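Encoded as C-alpha cells, the structure appears first; notes follow it.
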Amino acid sequence: MGGKIRINITVDPETVRLADRLARHNKTSRSAILREGVQVLAQNHDRETEEASLREQRRKAIKGIRRIAHRMGDWPAEQIVHDWRYRLKKQGK
C-alpha cells in the first residue's frame with residue numbers, strides 16, 4: 001500500500017470504543033480497523049453500484065421485450081427469457 005499519511009478525524013466516543021474493542025479482538029491497531037472499515041465501505045459501494053447498473057440493464061431489456069411482445073401479440077416474453085436464463089445458469093453448473 002505505499003506510504004501512510006497521518007490525518008486528524010473527529011468521531012463520537014461510541015465509535016472510538018467500537019474501534020478499540022475490534023482492535024483488541026483482532027490484535028491490531030485502531031488505525032488498521034478504521035482503514036479496513038473504509039475499504040469495506042468502498043467495496044460495498046462498488047458492488048451496489050454494479051448491482052444497480054445490472055438492475056437498470058435488466059429493466060431496459062424487459063421494457064424492450066414487452067414492447068416487442070405488444071407489437072407481436074400476446075405471448076409470454078418475460079417467461080421465455082426467464083426460462084432461458086434459468087437453463088443457462090443450470091448448464092453453467
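Every chain in the C-alpha cells has a letter given in the order shown (A, B, ...), and although residue numbers restart at 1 in each chain, ligands are simply numbered from 1 in the order shown.
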Inset, instruction - Please report, as a PyMOL selection string, each residue of chain A to which DSSP assigns alpha helix (DSSP H) when run on this structure's backbone. - result: chain A and resi 13-26+30-72+77-92
Export, as a PDB file, in the first residue's frame, the selected residues with C-alpha atoms.
ATOM      1  CA  PRO A  13     -16.921   8.323  21.747  1.00  0.00           C
ATOM      2  CA  GLU A  14     -19.027   5.253  20.888  1.00  0.00           C
ATOM      3  CA  THR A  15     -17.233   4.855  17.548  1.00  0.00           C
ATOM      4  CA  VAL A  16     -13.869   5.063  19.315  1.00  0.00           C
ATOM      5  CA  ARG A  17     -14.999   2.406  21.826  1.00  0.00           C
ATOM      6  CA  LEU A  18     -16.134   0.138  18.979  1.00  0.00           C
ATOM      7  CA  ALA A  19     -12.860   0.646  17.090  1.00  0.00           C
ATOM      8  CA  ASP A  20     -10.830  -0.055  20.229  1.00  0.00           C
ATOM      9  CA  ARG A  21     -12.851  -3.185  21.027  1.00  0.00           C
ATOM     10  CA  LEU A  22     -12.385  -4.515  17.477  1.00  0.00           C
ATOM     11  CA  ALA A  23      -8.685  -3.651  17.540  1.00  0.00           C
ATOM     12  CA  ARG A  24      -8.186  -5.587  20.785  1.00  0.00           C
ATOM     13  CA  HIS A  25     -10.207  -8.527  19.479  1.00  0.00           C
ATOM     14  CA  ASN A  26      -8.227  -8.626  16.203  1.00  0.00           C
ATOM     15  CA  ARG A  30      -7.302   1.335  15.837  1.00  0.00           C
ATOM     16  CA  SER A  31      -5.914   2.791  12.609  1.00  0.00           C
ATOM     17  CA  ALA A  32      -5.960  -0.631  10.947  1.00  0.00           C
ATOM     18  CA  ILE A  33      -9.589  -1.082  11.968  1.00  0.00           C
ATOM     19  CA  LEU A  34     -10.537   2.304  10.503  1.00  0.00           C
ATOM     20  CA  ARG A  35      -8.592   1.589   7.285  1.00  0.00           C
ATOM     21  CA  GLU A  36     -10.338  -1.747   6.898  1.00  0.00           C
ATOM     22  CA  GLY A  37     -13.705  -0.106   7.563  1.00  0.00           C
ATOM     23  CA  VAL A  38     -13.162   2.422   4.792  1.00  0.00           C
ATOM     24  CA  GLN A  39     -12.030  -0.322   2.399  1.00  0.00           C
ATOM     25  CA  VAL A  40     -15.124  -2.415   3.159  1.00  0.00           C
ATOM     26  CA  LEU A  41     -17.383   0.612   2.634  1.00  0.00           C
ATOM     27  CA  ALA A  42     -15.695   1.297  -0.719  1.00  0.00           C
ATOM     28  CA  GLN A  43     -16.095  -2.352  -1.804  1.00  0.00           C
ATOM     29  CA  ASN A  44     -19.762  -2.323  -0.778  1.00  0.00           C
ATOM     30  CA  HIS A  45     -20.320   0.898  -2.693  1.00  0.00           C
ATOM     31  CA  ASP A  46     -18.683  -0.552  -5.812  1.00  0.00           C
ATOM     32  CA  ARG A  47     -20.772  -3.729  -5.542  1.00  0.00           C
ATOM     33  CA  GLU A  48     -24.003  -1.781  -5.003  1.00  0.00           C
ATOM     34  CA  THR A  49     -23.206   0.477  -7.967  1.00  0.00           C
ATOM     35  CA  GLU A  50     -22.561  -2.548 -10.178  1.00  0.00           C
ATOM     36  CA  GLU A  51     -25.754  -4.247  -8.998  1.00  0.00           C
ATOM     37  CA  ALA A  52     -27.765  -1.083  -9.670  1.00  0.00           C
ATOM     38  CA  SER A  53     -26.305  -0.939 -13.177  1.00  0.00           C
ATOM     39  CA  LEU A  54     -27.260  -4.580 -13.800  1.00  0.00           C
ATOM     40  CA  ARG A  55     -30.786  -3.936 -12.495  1.00  0.00           C
ATOM     41  CA  GLU A  56     -31.110  -0.986 -14.865  1.00  0.00           C
ATOM     42  CA  GLN A  57     -29.877  -3.078 -17.804  1.00  0.00           C
ATOM     43  CA  ARG A  58     -32.420  -5.782 -16.945  1.00  0.00           C
ATOM     44  CA  ARG A  59     -35.174  -3.196 -16.596  1.00  0.00           C
ATOM     45  CA  LYS A  60     -34.379  -1.809 -20.039  1.00  0.00           C
ATOM     46  CA  ALA A  61     -34.237  -5.317 -21.537  1.00  0.00           C
ATOM     47  CA  ILE A  62     -37.629  -6.232 -20.058  1.00  0.00           C
ATOM     48  CA  LYS A  63     -39.080  -2.957 -21.326  1.00  0.00           C
ATOM     49  CA  GLY A  64     -37.815  -3.793 -24.825  1.00  0.00           C
ATOM     50  CA  ILE A  65     -39.190  -7.327 -24.615  1.00  0.00           C
ATOM     51  CA  ARG A  66     -42.577  -6.016 -23.522  1.00  0.00           C
ATOM     52  CA  ARG A  67     -42.609  -3.566 -26.416  1.00  0.00           C
ATOM     53  CA  ILE A  68     -41.819  -6.356 -28.899  1.00  0.00           C
ATOM     54  CA  ALA A  69     -44.376  -8.668 -27.285  1.00  0.00           C
ATOM     55  CA  HIS A  70     -47.039  -5.952 -27.539  1.00  0.00           C
ATOM     56  CA  ARG A  71     -46.334  -5.490 -31.256  1.00  0.00           C
ATOM     57  CA  MET A  72     -46.344  -9.219 -31.976  1.00  0.00           C
ATOM     58  CA  ALA A  77     -41.996 -12.912 -23.418  1.00  0.00           C
ATOM     59  CA  GLU A  78     -40.801 -12.469 -19.839  1.00  0.00           C
ATOM     60  CA  GLN A  79     -41.378 -16.145 -19.044  1.00  0.00           C
ATOM     61  CA  ILE A  80     -39.425 -17.189 -22.143  1.00  0.00           C
ATOM     62  CA  VAL A  81     -36.461 -15.006 -21.125  1.00  0.00           C
ATOM     63  CA  HIS A  82     -36.682 -16.218 -17.527  1.00  0.00           C
ATOM     64  CA  ASP A  83     -36.680 -19.872 -18.633  1.00  0.00           C
ATOM     65  CA  TRP A  84     -33.778 -19.237 -20.998  1.00  0.00           C
ATOM     66  CA  ARG A  85     -31.708 -17.599 -18.251  1.00  0.00           C
ATOM     67  CA  TYR A  86     -32.532 -20.466 -15.884  1.00  0.00           C
ATOM     68  CA  ARG A  87     -31.354 -23.010 -18.451  1.00  0.00           C
ATOM     69  CA  LEU A  88     -28.111 -21.072 -18.984  1.00  0.00           C
ATOM     70  CA  LYS A  89     -27.440 -20.990 -15.239  1.00  0.00           C
ATOM     71  CA  LYS A  90     -28.185 -24.692 -14.961  1.00  0.00           C
ATOM     72  CA  GLN A  91     -25.780 -25.506 -17.815  1.00  0.00           C
ATOM     73  CA  GLY A  92     -23.058 -23.434 -16.159  1.00  0.00           C
TER      74      GLY A  92
END
